[in-house]
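A.B. asks: Would you mind keeping the following structure in view while I ask a few things?
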Amino acid sequence: MADSAGIRALAAWNIPPEELASCFVEFRPYLGECLYSNCLHVDEEGCAIRQAVDDDVINNRRYTSYVRIVSGEER
Ligand SMILES: [Zn+2]
């Protein structure tokens with residue numbers, strides 16, 4: 001599991017968003033489950049990752065880190 005230093009490193013490496021999600025191990029079981037196959041799990045409808053966050057299966061702070069990186073706020 002990537003710690004926050006690891007997450008910053010991922011951001012620095014410029015990993016494409018669709019690969020970034022799979023760097024979060026707890027996201028992996030849900031990655032094929034979203035309504036859209038190109039889902040970035042930020043504000044898409046029918047997103048399985050966001051559902052898992054709502055259900056408290058995925059840690060909200062981890063999800064927030066992911067969103068920050070995907071949206072470029074941590075570069
Ligand atoms: Zn999604």
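Here's how to read the names in the structure tokens: chain A, B, ... by the order shown, residue numbers from 1 in each chain, ligand numbers from 1 in the order shown.
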Determine which residues of segment 19-57 of chain A DSSP labels as helix (DSSP H, G or I) from the backbone of this structure, then write them out as a list in words.
C.D. replies: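 Helix (DSSP H, G or I) members of segment 19-57 of chain A, listed: Glu19, Leu20, Ala21, Ser22, Cys23, Val25, Glu26, Phe27, Arg28, Pro29, Tyr30, Ala48, Ile49, Arg50, Gln51, Ala52, Val53 and Asp54 of chain A.
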A.B. asks: For the residues selected in the previous step, produce a file with N, CA and C atoms as a compact mmCIF listing (two decimals), in the first residue's frame.
C.D. replies:
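Result file follows (result-v3.txt):
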# COMPACT_ATOMS: atom_id res chain seq x y z
N GLU A 19 -3.84 4.38 -14.84
CA GLU A 19 -2.92 3.47 -14.17
C GLU A 19 -2.77 3.83 -12.70
N LEU A 20 -2.93 5.09 -12.41
CA LEU A 20 -2.81 5.55 -11.03
C LEU A 20 -3.80 4.82 -10.13
N ALA A 21 -5.04 4.64 -10.60
CA ALA A 21 -6.06 3.97 -9.78
C ALA A 21 -5.59 2.59 -9.34
N SER A 22 -4.91 1.88 -10.22
CA SER A 22 -4.49 0.52 -9.86
C SER A 22 -3.29 0.52 -8.92
N CYS A 23 -2.66 1.69 -8.72
CA CYS A 23 -1.60 1.81 -7.72
C CYS A 23 -2.19 1.85 -6.30
N VAL A 25 -4.08 -0.18 -4.05
CA VAL A 25 -4.47 -1.60 -4.06
C VAL A 25 -5.94 -1.81 -3.66
N GLU A 26 -6.45 -0.97 -2.75
CA GLU A 26 -7.82 -1.19 -2.32
C GLU A 26 -8.84 -0.78 -3.39
N PHE A 27 -8.38 -0.08 -4.45
CA PHE A 27 -9.28 0.29 -5.55
C PHE A 27 -9.46 -0.89 -6.51
N ARG A 28 -8.47 -1.78 -6.53
CA ARG A 28 -8.41 -2.78 -7.61
C ARG A 28 -9.67 -3.63 -7.76
N PRO A 29 -10.26 -4.11 -6.65
CA PRO A 29 -11.45 -4.97 -6.83
C PRO A 29 -12.60 -4.26 -7.54
N TYR A 30 -12.57 -2.91 -7.57
CA TYR A 30 -13.70 -2.16 -8.12
C TYR A 30 -13.43 -1.62 -9.51
N ALA A 48 -17.94 2.83 -9.24
CA ALA A 48 -17.87 1.81 -8.18
C ALA A 48 -16.91 2.22 -7.06
N ILE A 49 -15.89 2.98 -7.41
CA ILE A 49 -14.93 3.44 -6.39
C ILE A 49 -15.61 4.42 -5.44
N ARG A 50 -16.32 5.37 -6.02
CA ARG A 50 -17.01 6.34 -5.16
C ARG A 50 -18.06 5.67 -4.30
N GLN A 51 -18.72 4.65 -4.87
CA GLN A 51 -19.69 3.89 -4.09
C GLN A 51 -19.00 3.22 -2.90
N ALA A 52 -17.82 2.65 -3.14
CA ALA A 52 -17.08 1.98 -2.08
C ALA A 52 -16.63 2.98 -1.01
N VAL A 53 -16.30 4.20 -1.43
CA VAL A 53 -15.95 5.24 -0.45
C VAL A 53 -17.18 5.59 0.38
N ASP A 54 -18.33 5.74 -0.29
CA ASP A 54 -19.58 6.02 0.42
C ASP A 54 -19.92 4.92 1.41
A.B. asks: Using only C-alpha atoms and all ligand atoms, what are the residues with an atom within 6 Å of ligand 1, set out as a ChimeraX atom specification?
C.D. replies: /A:34,39-41,47-49
A.B. asks: So what do you get for atom CA of Asp56 of chain A versus atom CA of Gly72 of chain A, distance-wise?
C.D. replies: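 Atom-to-atom, atom CA of Asp56 of chain A to atom CA of Gly72 of chain A, that is 24.7 Å.
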A.B. asks: Enter the distance from atom CA of Glu73 of chain A to atom CA of Val57 of chain A, in Å, rounded to one decimal.
C.D. replies: 24.5 Å
A.B. asks: Between atom CA of Val42 of chain A and atom CA of Val67 of chain A, what is the distance in Å, rounded to a tenth?
C.D. replies: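 That distance, rounded to one decimal, is 6.2 Å.
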A.B. asks: Which residues are close to Pro17 of chain A, i.e. within 9 Å by only C-alpha atoms, leaving aside same-chain residues fewer than 6 positions away? Reply as a PyMOL selection string.
C.D. replies: chain A and resi 40+69-71
